[in-house]
file my_file-v6.txt (compact mmCIF, C-alpha atoms)
# COMPACT_ATOMS: atom_id res chain seq x y z
CA MET A 160 -14.84 -27.40 22.13
CA ASN A 161 -14.38 -26.86 18.41
CA ASN A 162 -14.16 -30.57 17.73
CA SER A 163 -15.90 -32.40 14.91
CA SER A 164 -17.09 -35.10 17.31
CA THR A 165 -19.44 -32.50 18.77
CA ILE A 166 -21.31 -31.75 15.54
CA PHE A 167 -24.08 -34.18 16.48
CA PRO A 168 -25.24 -35.22 19.97
CA THR A 169 -23.47 -38.09 21.72
CA GLY A 170 -26.45 -39.87 23.25
CA GLU A 171 -26.68 -42.73 25.70
CA ALA A 172 -24.42 -45.68 26.55
CA ALA A 173 -24.81 -48.51 24.05
CA PRO A 174 -26.19 -51.82 25.39
CA ALA A 175 -23.53 -53.93 27.11
CA ASP A 176 -24.90 -57.08 25.48
CA TYR A 177 -23.78 -55.84 22.08
CA PHE A 178 -20.77 -53.66 22.91
CA THR A 179 -17.46 -54.19 24.76
CA GLY A 180 -16.35 -51.06 26.59
CA THR A 181 -18.18 -47.75 26.45
CA ALA A 182 -19.81 -46.39 23.32
CA LEU A 183 -22.40 -43.62 23.14
CA VAL A 184 -25.19 -43.90 20.59
CA LYS A 185 -27.55 -41.11 19.55
CA LEU A 186 -30.27 -41.87 17.04
CA LEU A 187 -30.41 -38.93 14.63
CA VAL A 188 -33.18 -40.44 12.49
CA SER A 189 -35.27 -43.29 13.88
CA ASN A 190 -36.28 -46.14 11.65
CA ASN A 191 -39.61 -45.51 9.97
CA ALA A 192 -41.53 -46.67 6.92
CA VAL A 193 -41.22 -43.36 5.05
CA PHE A 194 -37.43 -43.19 4.84
CA ASN A 195 -36.50 -46.84 5.49
CA CYS A 196 -33.27 -45.36 6.81
CA GLN A 197 -31.96 -45.23 10.36
CA ILE A 198 -29.11 -42.85 11.18
CA ALA A 199 -27.09 -42.75 14.38
CA ASN A 200 -24.10 -40.85 15.71
CA VAL A 201 -21.79 -43.25 17.53
CA VAL A 202 -18.85 -42.27 19.73
CA PHE A 203 -16.59 -45.16 20.79
CA GLU A 204 -14.27 -44.56 23.73
CA PRO A 205 -10.72 -45.95 23.29
CA GLY A 206 -10.74 -49.76 23.23
CA SER A 207 -14.50 -50.07 22.81
CA ARG A 208 -16.17 -51.94 19.95
CA ASN A 209 -19.42 -53.53 19.00
CA ASN A 210 -20.07 -57.28 18.62
CA TRP A 211 -19.82 -59.03 15.32
CA HIS A 212 -23.04 -58.28 13.46
CA THR A 213 -24.81 -58.05 10.10
CA HIS A 214 -27.28 -55.63 8.52
CA PRO A 215 -29.97 -57.09 6.25
CA GLY A 216 -30.11 -53.83 4.26
CA GLY A 217 -26.40 -52.97 4.45
CA GLN A 218 -24.73 -50.07 6.24
CA ILE A 219 -22.65 -46.99 5.40
CA LEU A 220 -20.23 -45.43 7.90
CA LEU A 221 -19.10 -41.80 7.62
CA VAL A 222 -16.11 -41.26 9.91
CA THR A 223 -16.11 -37.81 11.49
CA ASP A 224 -13.40 -38.03 14.16
CA GLY A 225 -10.71 -40.13 15.78
CA ILE A 226 -9.00 -43.39 14.83
CA GLY A 227 -11.00 -46.60 14.61
CA TYR A 228 -11.03 -50.22 13.56
CA TYR A 229 -13.23 -52.01 11.04
CA GLN A 230 -13.08 -55.73 10.31
CA GLU A 231 -14.97 -57.98 7.93
CA GLU A 232 -15.07 -61.71 8.66
CA GLY A 233 -12.02 -63.47 7.21
CA LYS A 234 -10.07 -60.25 6.64
CA ILE A 235 -7.58 -58.22 8.67
CA ILE A 236 -8.59 -55.15 10.67
CA GLN A 237 -8.67 -51.91 8.67
CA LEU A 238 -7.73 -48.62 10.28
CA LEU A 239 -10.27 -45.81 9.86
CA GLN A 240 -9.90 -42.08 10.29
CA LYS A 241 -11.79 -38.81 9.78
CA GLY A 242 -13.22 -38.55 6.27
CA ASP A 243 -13.28 -42.28 5.57
CA ILE A 244 -16.41 -43.85 4.10
CA VAL A 245 -17.18 -47.55 4.60
CA THR A 246 -19.88 -49.37 2.63
CA ILE A 247 -20.87 -52.67 4.21
CA ALA A 248 -22.84 -55.08 2.04
CA PRO A 249 -26.07 -56.67 3.28
CA ASP A 250 -25.50 -59.70 5.52
CA LEU A 251 -21.73 -59.19 5.63
CA LYS A 252 -20.43 -60.15 9.09
CA HIS A 253 -18.31 -57.34 10.57
CA TRP A 254 -17.56 -55.18 13.61
CA HIS A 255 -16.29 -51.66 14.24
CA GLY A 256 -14.93 -49.66 17.13
CA ALA A 257 -12.23 -47.38 18.46
CA SER A 258 -8.52 -48.12 18.34
CA PRO A 259 -6.88 -48.78 21.72
CA ASP A 260 -5.55 -45.25 22.24
CA SER A 261 -8.06 -43.02 20.46
CA ALA A 262 -11.77 -42.39 20.60
CA PHE A 263 -13.60 -42.79 17.31
CA THR A 264 -16.77 -41.16 16.00
CA HIS A 265 -18.84 -42.15 13.01
CA ILE A 266 -22.27 -41.57 11.57
CA ALA A 267 -23.90 -44.96 10.89
CA ILE A 268 -26.47 -45.02 8.09
CA ASN A 269 -28.69 -48.06 7.73
CA PRO A 270 -30.65 -48.02 4.47
CA ASN A 271 -33.29 -50.51 3.38
CA THR A 272 -34.55 -51.01 6.92
CA GLN A 273 -37.74 -52.56 5.55
CA LYS A 274 -35.44 -55.63 5.41
CA GLY A 275 -34.37 -55.24 9.06
CA VAL A 276 -31.79 -53.13 10.88
CA VAL A 277 -29.22 -55.36 12.60
CA GLU A 278 -28.55 -58.95 13.66
CA TRP A 279 -26.23 -59.06 16.66
CA LEU A 280 -23.75 -61.95 16.93
CA GLU A 281 -20.92 -62.95 19.26
CA ARG A 282 -18.62 -60.58 21.10
CA VAL A 283 -15.29 -59.52 19.53
CA THR A 284 -12.67 -61.21 21.69
CA ASP A 285 -9.56 -59.43 23.00
CA GLU A 286 -7.52 -61.72 20.75
CA GLU A 287 -9.47 -60.59 17.70
CA TYR A 288 -9.35 -56.94 18.78
CA ASN A 289 -5.60 -57.08 19.44
CA SER A 290 -4.83 -58.67 16.06
CA PHE A 291 -4.36 -55.31 14.32
CA GLN A 292 -0.98 -55.14 12.56
CA MET B 261 -7.72 -25.97 8.54
CA ASN B 262 -9.36 -27.68 11.51
CA ASN B 263 -12.83 -26.97 10.18
CA SER B 264 -15.71 -29.41 10.06
CA SER B 265 -16.47 -28.51 6.45
CA THR B 266 -13.24 -30.28 5.55
CA ILE B 267 -14.17 -33.67 7.01
CA PHE B 268 -15.33 -34.91 3.60
CA PRO B 269 -14.13 -33.81 0.14
CA THR B 270 -15.73 -30.77 -1.50
CA GLY B 271 -16.01 -32.03 -5.09
CA GLU B 272 -16.98 -30.26 -8.28
CA ALA B 273 -19.18 -27.26 -9.10
CA ALA B 274 -22.86 -28.20 -9.13
CA PRO B 275 -24.68 -27.85 -12.48
CA ALA B 276 -25.75 -24.28 -13.21
CA ASP B 277 -29.10 -25.48 -14.53
CA TYR B 278 -30.11 -26.61 -11.05
CA PHE B 279 -28.17 -24.23 -8.80
CA THR B 280 -27.94 -20.43 -8.44
CA GLY B 281 -24.46 -19.32 -7.39
CA THR B 282 -21.62 -21.68 -6.61
CA ALA B 283 -22.06 -24.97 -4.78
CA LEU B 284 -19.59 -27.86 -4.67
CA VAL B 285 -20.95 -31.40 -4.72
CA LYS B 286 -18.97 -34.53 -3.92
CA LEU B 287 -20.69 -37.89 -4.19
CA LEU B 288 -19.60 -39.94 -1.18
CA VAL B 289 -21.72 -42.97 -2.11
CA SER B 290 -23.07 -43.29 -5.64
CA ASN B 291 -26.55 -44.58 -6.21
CA ASN B 292 -26.61 -48.34 -6.64
CA ALA B 293 -29.05 -51.22 -6.33
CA VAL B 294 -27.39 -52.71 -3.22
CA PHE B 295 -27.79 -49.74 -0.89
CA ASN B 296 -30.54 -47.77 -2.68
CA CYS B 297 -28.95 -44.79 -0.99
CA GLN B 298 -27.00 -41.90 -2.50
CA ILE B 299 -24.89 -39.71 -0.22
CA ALA B 300 -23.25 -36.42 -1.14
CA ASN B 301 -21.27 -33.73 0.64
CA VAL B 302 -22.48 -30.32 -0.49
CA VAL B 303 -20.78 -26.99 0.21
CA PHE B 304 -22.80 -23.91 -0.71
CA GLU B 305 -20.93 -20.63 -1.02
CA PRO B 306 -22.72 -17.59 0.53
CA GLY B 307 -25.89 -16.73 -1.41
CA SER B 308 -25.96 -19.96 -3.40
CA ARG B 309 -28.91 -22.37 -3.41
CA ASN B 310 -30.40 -25.17 -5.43
CA ASN B 311 -33.62 -24.99 -7.48
CA TRP B 312 -36.94 -26.06 -6.09
CA HIS B 313 -37.02 -29.86 -6.29
CA THR B 314 -38.48 -33.08 -4.94
CA HIS B 315 -37.10 -36.51 -4.04
CA PRO B 316 -39.28 -39.55 -4.82
CA GLY B 317 -37.68 -41.47 -1.91
CA GLY B 318 -37.27 -38.52 0.47
CA GLN B 319 -34.07 -36.91 1.73
CA ILE B 320 -32.23 -36.38 5.00
CA LEU B 321 -29.81 -33.47 5.53
CA LEU B 322 -27.10 -33.55 8.21
CA VAL B 323 -25.72 -30.04 8.66
CA THR B 324 -21.99 -30.04 9.42
CA ASP B 325 -20.99 -26.39 9.07
CA GLY B 326 -22.12 -22.83 8.42
CA ILE B 327 -25.51 -21.14 8.31
CA GLY B 328 -28.05 -22.13 5.69
CA TYR B 329 -31.62 -21.83 4.49
CA TYR B 330 -34.27 -24.51 3.99
CA GLN B 331 -37.74 -23.88 2.64
CA GLU B 332 -40.72 -26.12 1.98
CA GLU B 333 -43.36 -24.93 -0.48
CA GLY B 334 -45.97 -22.74 1.26
CA LYS B 335 -43.85 -22.20 4.38
CA ILE B 336 -41.31 -19.60 5.48
CA ILE B 337 -37.55 -20.14 5.20
CA GLN B 338 -36.00 -22.00 8.14
CA LEU B 339 -32.48 -21.19 9.30
CA LEU B 340 -30.13 -24.17 9.61
CA GLN B 341 -26.85 -24.53 11.45
CA LYS B 342 -24.24 -27.13 12.41
CA GLY B 343 -25.82 -30.18 14.05
CA ASP B 344 -29.30 -29.69 12.55
CA ILE B 345 -31.06 -32.65 10.95
CA VAL B 346 -33.73 -32.15 8.29
CA THR B 347 -36.02 -34.96 7.14
CA ILE B 348 -37.76 -34.17 3.85
CA ALA B 349 -40.73 -36.34 2.93
CA PRO B 350 -40.99 -37.97 -0.49
CA ASP B 351 -42.32 -35.63 -3.20
CA LEU B 352 -42.24 -32.59 -0.90
CA LYS B 353 -41.26 -29.52 -2.93
CA HIS B 354 -38.36 -27.68 -1.27
CA TRP B 355 -34.97 -26.00 -1.72
CA HIS B 356 -31.86 -25.47 0.39
CA GLY B 357 -28.74 -23.34 0.28
CA ALA B 358 -26.42 -20.98 2.10
CA SER B 359 -27.51 -17.82 3.86
CA PRO B 360 -26.34 -14.55 2.22
CA ASP B 361 -23.30 -14.04 4.46
CA SER B 362 -22.18 -17.56 5.36
CA ALA B 363 -21.17 -20.68 3.53
CA PHE B 364 -23.13 -23.79 4.44
CA THR B 365 -22.17 -27.47 4.37
CA HIS B 366 -24.43 -30.49 4.66
CA ILE B 367 -24.37 -34.19 3.98
CA ALA B 368 -27.35 -35.07 1.78
CA ILE B 369 -28.69 -38.61 2.15
CA ASN B 370 -31.16 -39.90 -0.43
CA PRO B 371 -32.72 -43.18 0.64
CA ASN B 372 -35.09 -45.35 -1.40
CA THR B 373 -33.39 -44.44 -4.68
CA GLN B 374 -35.08 -47.39 -6.35
CA LYS B 375 -37.95 -44.84 -6.55
CA GLY B 376 -35.71 -42.18 -8.14
CA VAL B 377 -33.25 -39.61 -6.81
CA VAL B 378 -34.41 -36.09 -7.64
CA GLU B 379 -36.85 -34.13 -9.82
CA TRP B 380 -35.51 -30.65 -10.53
CA LEU B 381 -38.02 -27.79 -10.82
CA GLU B 382 -37.85 -24.01 -11.28
CA ARG B 383 -35.12 -21.73 -9.98
CA VAL B 384 -35.48 -20.05 -6.55
CA THR B 385 -35.95 -16.37 -7.37
CA ASP B 386 -34.11 -13.57 -5.59
CA GLU B 387 -37.47 -12.49 -4.15
CA GLU B 388 -38.02 -15.94 -2.66
CA TYR B 389 -34.42 -16.16 -1.43
CA ASN B 390 -34.58 -12.71 0.16
CA SER B 391 -37.86 -13.43 1.97
CA PHE B 392 -36.12 -14.73 5.09
CA GLN B 393 -37.35 -12.90 8.20

call {"tool": "encode", "arguments": {"input": "my_file-v6.txt", "output": "structure tokens"}}
result
Amino acid sequence: MNNSSTIFPTGEAAPADYFTGTALVKLLVSNNAVFNCQIANVVFEPGSRNNWHTHPGGQILLVTDGIGYYQEEGKIIQLLQKGDIVTIAPDLKHWHGASPDSAFTHIAINPNTQKGVVEWLERVTDEEYNSFQ
Amino acid sequence: MNNSSTIFPTGEAAPADYFTGTALVKLLVSNNAVFNCQIANVVFEPGSRNNWHTHPGGQILLVTDGIGYYQEEGKIIQLLQKGDIVTIAPDLKHWHGASPDSAFTHIAINPNTQKGVVEWLERVTDEEYNSFQ
């Protein structure tokens, strides 16, 4: 399959406590004290998304395939597609995932992990997920 | 063109002082004090490479297309291809570039940029470049 979603491995199912639906997460670079940078390849199946969450050191998403959703607290859902870059400030509450009818793949880069990697919060409700206009 | 090298923009020609041959560099995330992380998409045309150099905060390469070379000082050249991940320790002298007959695309991630981004050193000679076995 000559598909950009296959550039990096797709990994294991993400934990159900922090994701709704099926997402596959492969750590490409584990968190360590030399790089202070964790990198993962994440494939969201259609309709799947992670919980609301924050990153103490911020996060950068590089979208490599599909059509996805990204929402910051208090704002409307933004549509994401291949080639999009999202910079998420430290401690900004947000979630991301696939759109209802398309899978979605991004590389998630967490810098400054000496400050922590992620703080998981409540689930994204169907009402929130279905609010895209 | 449904080619993975086109996921992210290809940018401008890299500075001739630090590169041999033609490489195109597009900053995806500029260095700043919030993320301490600079990210670039780099496309090397066949035969092109950067100078020997070091990164005070280390570097991570995510290879998205083509066939390339990577060499650490005192070691032989390693061949790189789509899907490869290279973690380069802080202050480790190295270079990277395309192989002679193939272009090469990687995403270059520089974490810990509060320590600096790059220290450019001498050019990679043709003898060094042609030493791949």

call {"tool": "interface_residues", "arguments": {"input": "my_file-v6.txt", "of": "chain B", "to": "chain A", "cutoff": "10 Å", "atoms": "all atoms listed in the file", "output": "JSON list (two decimals) with C-alpha atoms, keeping the file's coordinate frame"}}
result
[["chain", "number", "residue", "atom", "x", "y", "z"],
["B", 262, "ASN", "CA", -9.36, -27.68, 11.51],
["B", 263, "ASN", "CA", -12.83, -26.97, 10.18],
["B", 264, "SER", "CA", -15.71, -29.41, 10.06],
["B", 265, "SER", "CA", -16.47, -28.51, 6.45],
["B", 266, "THR", "CA", -13.24, -30.28, 5.55],
["B", 267, "ILE", "CA", -14.17, -33.67, 7.01],
["B", 268, "PHE", "CA", -15.33, -34.91, 3.60],
["B", 269, "PRO", "CA", -14.13, -33.81, 0.14],
["B", 288, "LEU", "CA", -19.60, -39.94, -1.18],
["B", 289, "VAL", "CA", -21.72, -42.97, -2.11],
["B", 294, "VAL", "CA", -27.39, -52.71, -3.22],
["B", 295, "PHE", "CA", -27.79, -49.74, -0.89],
["B", 296, "ASN", "CA", -30.54, -47.77, -2.68],
["B", 297, "CYS", "CA", -28.95, -44.79, -0.99],
["B", 298, "GLN", "CA", -27.00, -41.90, -2.50],
["B", 299, "ILE", "CA", -24.89, -39.71, -0.22],
["B", 317, "GLY", "CA", -37.68, -41.47, -1.91],
["B", 318, "GLY", "CA", -37.27, -38.52, 0.47],
["B", 319, "GLN", "CA", -34.07, -36.91, 1.73],
["B", 320, "ILE", "CA", -32.23, -36.38, 5.00],
["B", 322, "LEU", "CA", -27.10, -33.55, 8.21],
["B", 323, "VAL", "CA", -25.72, -30.04, 8.66],
["B", 324, "THR", "CA", -21.99, -30.04, 9.42],
["B", 325, "ASP", "CA", -20.99, -26.39, 9.07],
["B", 341, "GLN", "CA", -26.85, -24.53, 11.45],
["B", 342, "LYS", "CA", -24.24, -27.13, 12.41],
["B", 343, "GLY", "CA", -25.82, -30.18, 14.05],
["B", 344, "ASP", "CA", -29.30, -29.69, 12.55],
["B", 345, "ILE", "CA", -31.06, -32.65, 10.95],
["B", 346, "VAL", "CA", -33.73, -32.15, 8.29],
["B", 347, "THR", "CA", -36.02, -34.96, 7.14],
["B", 348, "ILE", "CA", -37.76, -34.17, 3.85],
["B", 349, "ALA", "CA", -40.73, -36.34, 2.93],
["B", 350, "PRO", "CA", -40.99, -37.97, -0.49],
["B", 367, "ILE", "CA", -24.37, -34.19, 3.98],
["B", 369, "ILE", "CA", -28.69, -38.61, 2.15],
["B", 370, "ASN", "CA", -31.16, -39.90, -0.43],
["B", 371, "PRO", "CA", -32.72, -43.18, 0.64],
["B", 372, "ASN", "CA", -35.09, -45.35, -1.40]]

call {"tool": "residues_around", "arguments": {"input": "my_file-v6.txt", "residues": "segment 303-316 of chain B", "least_positions_apart": "6", "cutoff": "6 Å", "atoms": "all atoms listed in the file", "output": "PyMOL selection string"}}
result
chain B and resi 278-284+350-365+375-384

call {"tool": "closest_residue", "arguments": {"input": "my_file-v6.txt", "among": "A:Gly170, A:Gly233, A:Ala199, A:Asp285", "to": "His265 of chain A", "atoms": "all atoms listed in the file"}}
result
A:Ala199

call {"tool": "calpha_fit_and_write", "arguments": {"input": "my_file-v6.txt", "fixed": "chain A", "moving": "chain B", "output": "PDB file with C-alpha atoms, in the coordinates of the input"}}
result
ATOM      1  CA  MET B 261     -14.804 -27.473  22.107  1.00  0.00           C
ATOM      2  CA  ASN B 262     -14.379 -26.886  18.377  1.00  0.00           C
ATOM      3  CA  ASN B 263     -14.154 -30.597  17.677  1.00  0.00           C
ATOM      4  CA  SER B 264     -15.915 -32.448  14.896  1.00  0.00           C
ATOM      5  CA  SER B 265     -17.100 -35.148  17.289  1.00  0.00           C
ATOM      6  CA  THR B 266     -19.412 -32.530  18.764  1.00  0.00           C
ATOM      7  CA  ILE B 267     -21.290 -31.735  15.549  1.00  0.00           C
ATOM      8  CA  PHE B 268     -24.082 -34.151  16.488  1.00  0.00           C
ATOM      9  CA  PRO B 269     -25.233 -35.207  19.978  1.00  0.00           C
ATOM     10  CA  THR B 270     -23.467 -38.094  21.720  1.00  0.00           C
ATOM     11  CA  GLY B 271     -26.472 -39.873  23.256  1.00  0.00           C
ATOM     12  CA  GLU B 272     -26.683 -42.737  25.706  1.00  0.00           C
ATOM     13  CA  ALA B 273     -24.428 -45.686  26.560  1.00  0.00           C
ATOM     14  CA  ALA B 274     -24.815 -48.507  24.046  1.00  0.00           C
ATOM     15  CA  PRO B 275     -26.192 -51.815  25.396  1.00  0.00           C
ATOM     16  CA  ALA B 276     -23.541 -53.923  27.114  1.00  0.00           C
ATOM     17  CA  ASP B 277     -24.897 -57.075  25.491  1.00  0.00           C
ATOM     18  CA  TYR B 278     -23.780 -55.844  22.078  1.00  0.00           C
ATOM     19  CA  PHE B 279     -20.780 -53.656  22.917  1.00  0.00           C
ATOM     20  CA  THR B 280     -17.476 -54.188  24.766  1.00  0.00           C
ATOM     21  CA  GLY B 281     -16.359 -51.046  26.591  1.00  0.00           C
ATOM     22  CA  THR B 282     -18.179 -47.744  26.449  1.00  0.00           C
ATOM     23  CA  ALA B 283     -19.822 -46.379  23.318  1.00  0.00           C
ATOM     24  CA  LEU B 284     -22.411 -43.599  23.135  1.00  0.00           C
ATOM     25  CA  VAL B 285     -25.206 -43.900  20.588  1.00  0.00           C
ATOM     26  CA  LYS B 286     -27.555 -41.111  19.558  1.00  0.00           C
ATOM     27  CA  LEU B 287     -30.284 -41.865  17.047  1.00  0.00           C
ATOM     28  CA  LEU B 288     -30.416 -38.928  14.637  1.00  0.00           C
ATOM     29  CA  VAL B 289     -33.197 -40.430  12.503  1.00  0.00           C
ATOM     30  CA  SER B 290     -35.277 -43.283  13.888  1.00  0.00           C
ATOM     31  CA  ASN B 291     -36.275 -46.134  11.657  1.00  0.00           C
ATOM     32  CA  ASN B 292     -39.605 -45.508   9.969  1.00  0.00           C
ATOM     33  CA  ALA B 293     -41.537 -46.671   6.926  1.00  0.00           C
ATOM     34  CA  VAL B 294     -41.215 -43.347   5.056  1.00  0.00           C
ATOM     35  CA  PHE B 295     -37.428 -43.184   4.843  1.00  0.00           C
ATOM     36  CA  ASN B 296     -36.501 -46.840   5.492  1.00  0.00           C
ATOM     37  CA  CYS B 297     -33.280 -45.371   6.810  1.00  0.00           C
ATOM     38  CA  GLN B 298     -31.954 -45.233  10.367  1.00  0.00           C
ATOM     39  CA  ILE B 299     -29.113 -42.844  11.183  1.00  0.00           C
ATOM     40  CA  ALA B 300     -27.095 -42.752  14.390  1.00  0.00           C
ATOM     41  CA  ASN B 301     -24.106 -40.847  15.717  1.00  0.00           C
ATOM     42  CA  VAL B 302     -21.794 -43.239  17.534  1.00  0.00           C
ATOM     43  CA  VAL B 303     -18.849 -42.273  19.739  1.00  0.00           C
ATOM     44  CA  PHE B 304     -16.603 -45.144  20.798  1.00  0.00           C
ATOM     45  CA  GLU B 305     -14.279 -44.547  23.730  1.00  0.00           C
ATOM     46  CA  PRO B 306     -10.717 -45.947  23.287  1.00  0.00           C
ATOM     47  CA  GLY B 307     -10.741 -49.761  23.229  1.00  0.00           C
ATOM     48  CA  SER B 308     -14.501 -50.074  22.825  1.00  0.00           C
ATOM     49  CA  ARG B 309     -16.168 -51.933  19.948  1.00  0.00           C
ATOM     50  CA  ASN B 310     -19.434 -53.532  18.994  1.00  0.00           C
ATOM     51  CA  ASN B 311     -20.074 -57.282  18.630  1.00  0.00           C
ATOM     52  CA  TRP B 312     -19.818 -59.044  15.324  1.00  0.00           C
ATOM     53  CA  HIS B 313     -23.050 -58.306  13.454  1.00  0.00           C
ATOM     54  CA  THR B 314     -24.790 -58.045  10.104  1.00  0.00           C
ATOM     55  CA  HIS B 315     -27.265 -55.627   8.520  1.00  0.00           C
ATOM     56  CA  PRO B 316     -29.964 -57.099   6.250  1.00  0.00           C
ATOM     57  CA  GLY B 317     -30.101 -53.825   4.256  1.00  0.00           C
ATOM     58  CA  GLY B 318     -26.392 -52.965   4.451  1.00  0.00           C
ATOM     59  CA  GLN B 319     -24.716 -50.065   6.241  1.00  0.00           C
ATOM     60  CA  ILE B 320     -22.661 -46.993   5.407  1.00  0.00           C
ATOM     61  CA  LEU B 321     -20.235 -45.421   7.906  1.00  0.00           C
ATOM     62  CA  LEU B 322     -19.106 -41.791   7.628  1.00  0.00           C
ATOM     63  CA  VAL B 323     -16.116 -41.260   9.909  1.00  0.00           C
ATOM     64  CA  THR B 324     -16.102 -37.798  11.491  1.00  0.00           C
ATOM     65  CA  ASP B 325     -13.400 -38.025  14.155  1.00  0.00           C
ATOM     66  CA  GLY B 326     -10.706 -40.140  15.781  1.00  0.00           C
ATOM     67  CA  ILE B 327      -9.004 -43.390  14.835  1.00  0.00           C
ATOM     68  CA  GLY B 328     -10.999 -46.595  14.619  1.00  0.00           C
ATOM     69  CA  TYR B 329     -11.029 -50.224  13.567  1.00  0.00           C
ATOM     70  CA  TYR B 330     -13.224 -52.024  11.038  1.00  0.00           C
ATOM     71  CA  GLN B 331     -13.076 -55.726  10.310  1.00  0.00           C
ATOM     72  CA  GLU B 332     -14.962 -57.985   7.927  1.00  0.00           C
ATOM     73  CA  GLU B 333     -15.061 -61.710   8.673  1.00  0.00           C
ATOM     74  CA  GLY B 334     -12.003 -63.485   7.212  1.00  0.00           C
ATOM     75  CA  LYS B 335     -10.055 -60.261   6.637  1.00  0.00           C
ATOM     76  CA  ILE B 336      -7.579 -58.223   8.673  1.00  0.00           C
ATOM     77  CA  ILE B 337      -8.592 -55.143  10.671  1.00  0.00           C
ATOM     78  CA  GLN B 338      -8.657 -51.909   8.661  1.00  0.00           C
ATOM     79  CA  LEU B 339      -7.731 -48.607  10.282  1.00  0.00           C
ATOM     80  CA  LEU B 340     -10.270 -45.802   9.855  1.00  0.00           C
ATOM     81  CA  GLN B 341      -9.902 -42.068  10.297  1.00  0.00           C
ATOM     82  CA  LYS B 342     -11.795 -38.804   9.787  1.00  0.00           C
ATOM     83  CA  GLY B 343     -13.220 -38.533   6.268  1.00  0.00           C
ATOM     84  CA  ASP B 344     -13.270 -42.287   5.560  1.00  0.00           C
ATOM     85  CA  ILE B 345     -16.406 -43.854   4.099  1.00  0.00           C
ATOM     86  CA  VAL B 346     -17.182 -47.542   4.603  1.00  0.00           C
ATOM     87  CA  THR B 347     -19.885 -49.349   2.632  1.00  0.00           C
ATOM     88  CA  ILE B 348     -20.875 -52.665   4.214  1.00  0.00           C
ATOM     89  CA  ALA B 349     -22.848 -55.066   2.043  1.00  0.00           C
ATOM     90  CA  PRO B 350     -26.066 -56.653   3.288  1.00  0.00           C
ATOM     91  CA  ASP B 351     -25.501 -59.702   5.519  1.00  0.00           C
ATOM     92  CA  LEU B 352     -21.726 -59.177   5.628  1.00  0.00           C
ATOM     93  CA  LYS B 353     -20.435 -60.148   9.078  1.00  0.00           C
ATOM     94  CA  HIS B 354     -18.314 -57.344  10.557  1.00  0.00           C
ATOM     95  CA  TRP B 355     -17.552 -55.186  13.603  1.00  0.00           C
ATOM     96  CA  HIS B 356     -16.282 -51.665  14.233  1.00  0.00           C
ATOM     97  CA  GLY B 357     -14.931 -49.661  17.138  1.00  0.00           C
ATOM     98  CA  ALA B 358     -12.229 -47.376  18.459  1.00  0.00           C
ATOM     99  CA  SER B 359      -8.528 -48.121  18.331  1.00  0.00           C
ATOM    100  CA  PRO B 360      -6.876 -48.782  21.734  1.00  0.00           C
ATOM    101  CA  ASP B 361      -5.542 -45.247  22.230  1.00  0.00           C
ATOM    102  CA  SER B 362      -8.063 -43.022  20.455  1.00  0.00           C
ATOM    103  CA  ALA B 363     -11.761 -42.389  20.605  1.00  0.00           C
ATOM    104  CA  PHE B 364     -13.601 -42.792  17.319  1.00  0.00           C
ATOM    105  CA  THR B 365     -16.776 -41.160  16.006  1.00  0.00           C
ATOM    106  CA  HIS B 366     -18.854 -42.151  13.004  1.00  0.00           C
ATOM    107  CA  ILE B 367     -22.286 -41.569  11.576  1.00  0.00           C
ATOM    108  CA  ALA B 368     -23.909 -44.946  10.898  1.00  0.00           C
ATOM    109  CA  ILE B 369     -26.471 -45.014   8.088  1.00  0.00           C
ATOM    110  CA  ASN B 370     -28.699 -48.069   7.731  1.00  0.00           C
ATOM    111  CA  PRO B 371     -30.634 -48.020   4.476  1.00  0.00           C
ATOM    112  CA  ASN B 372     -33.297 -50.504   3.369  1.00  0.00           C
ATOM    113  CA  THR B 373     -34.559 -51.011   6.922  1.00  0.00           C
ATOM    114  CA  GLN B 374     -37.733 -52.559   5.552  1.00  0.00           C
ATOM    115  CA  LYS B 375     -35.429 -55.633   5.396  1.00  0.00           C
ATOM    116  CA  GLY B 376     -34.369 -55.242   9.049  1.00  0.00           C
ATOM    117  CA  VAL B 377     -31.782 -53.145  10.875  1.00  0.00           C
ATOM    118  CA  VAL B 378     -29.218 -55.367  12.581  1.00  0.00           C
ATOM    119  CA  GLU B 379     -28.550 -58.966  13.652  1.00  0.00           C
ATOM    120  CA  TRP B 380     -26.226 -59.059  16.653  1.00  0.00           C
ATOM    121  CA  LEU B 381     -23.757 -61.957  16.916  1.00  0.00           C
ATOM    122  CA  GLU B 382     -20.919 -62.955  19.256  1.00  0.00           C
ATOM    123  CA  ARG B 383     -18.617 -60.582  21.102  1.00  0.00           C
ATOM    124  CA  VAL B 384     -15.284 -59.512  19.530  1.00  0.00           C
ATOM    125  CA  THR B 385     -12.659 -61.199  21.697  1.00  0.00           C
ATOM    126  CA  ASP B 386      -9.564 -59.436  23.002  1.00  0.00           C
ATOM    127  CA  GLU B 387      -7.505 -61.718  20.748  1.00  0.00           C
ATOM    128  CA  GLU B 388      -9.456 -60.580  17.695  1.00  0.00           C
ATOM    129  CA  TYR B 389      -9.347 -56.930  18.785  1.00  0.00           C
ATOM    130  CA  ASN B 390      -5.604 -57.066  19.435  1.00  0.00           C
ATOM    131  CA  SER B 391      -4.830 -58.663  16.058  1.00  0.00           C
ATOM    132  CA  PHE B 392      -4.355 -55.313  14.324  1.00  0.00           C
ATOM    133  CA  GLN B 393      -0.982 -55.160  12.553  1.00  0.00           C
TER     134      GLN B 393
END

call {"tool": "closest_residue", "arguments": {"input": "my_file-v6.txt", "among": "A:Ser290, A:Gln230, A:Thr169, A:Thr272", "to": "Asn190 of chain A", "atoms": "all atoms listed in the file"}}
result
A:Thr272

call {"tool": "atom_distance", "arguments": {"input": "my_file-v6.txt", "atom1": "atom CA of Asn191 of chain A", "atom2": "atom CA of Asn301 of chain B"}}
result
23.7 Å
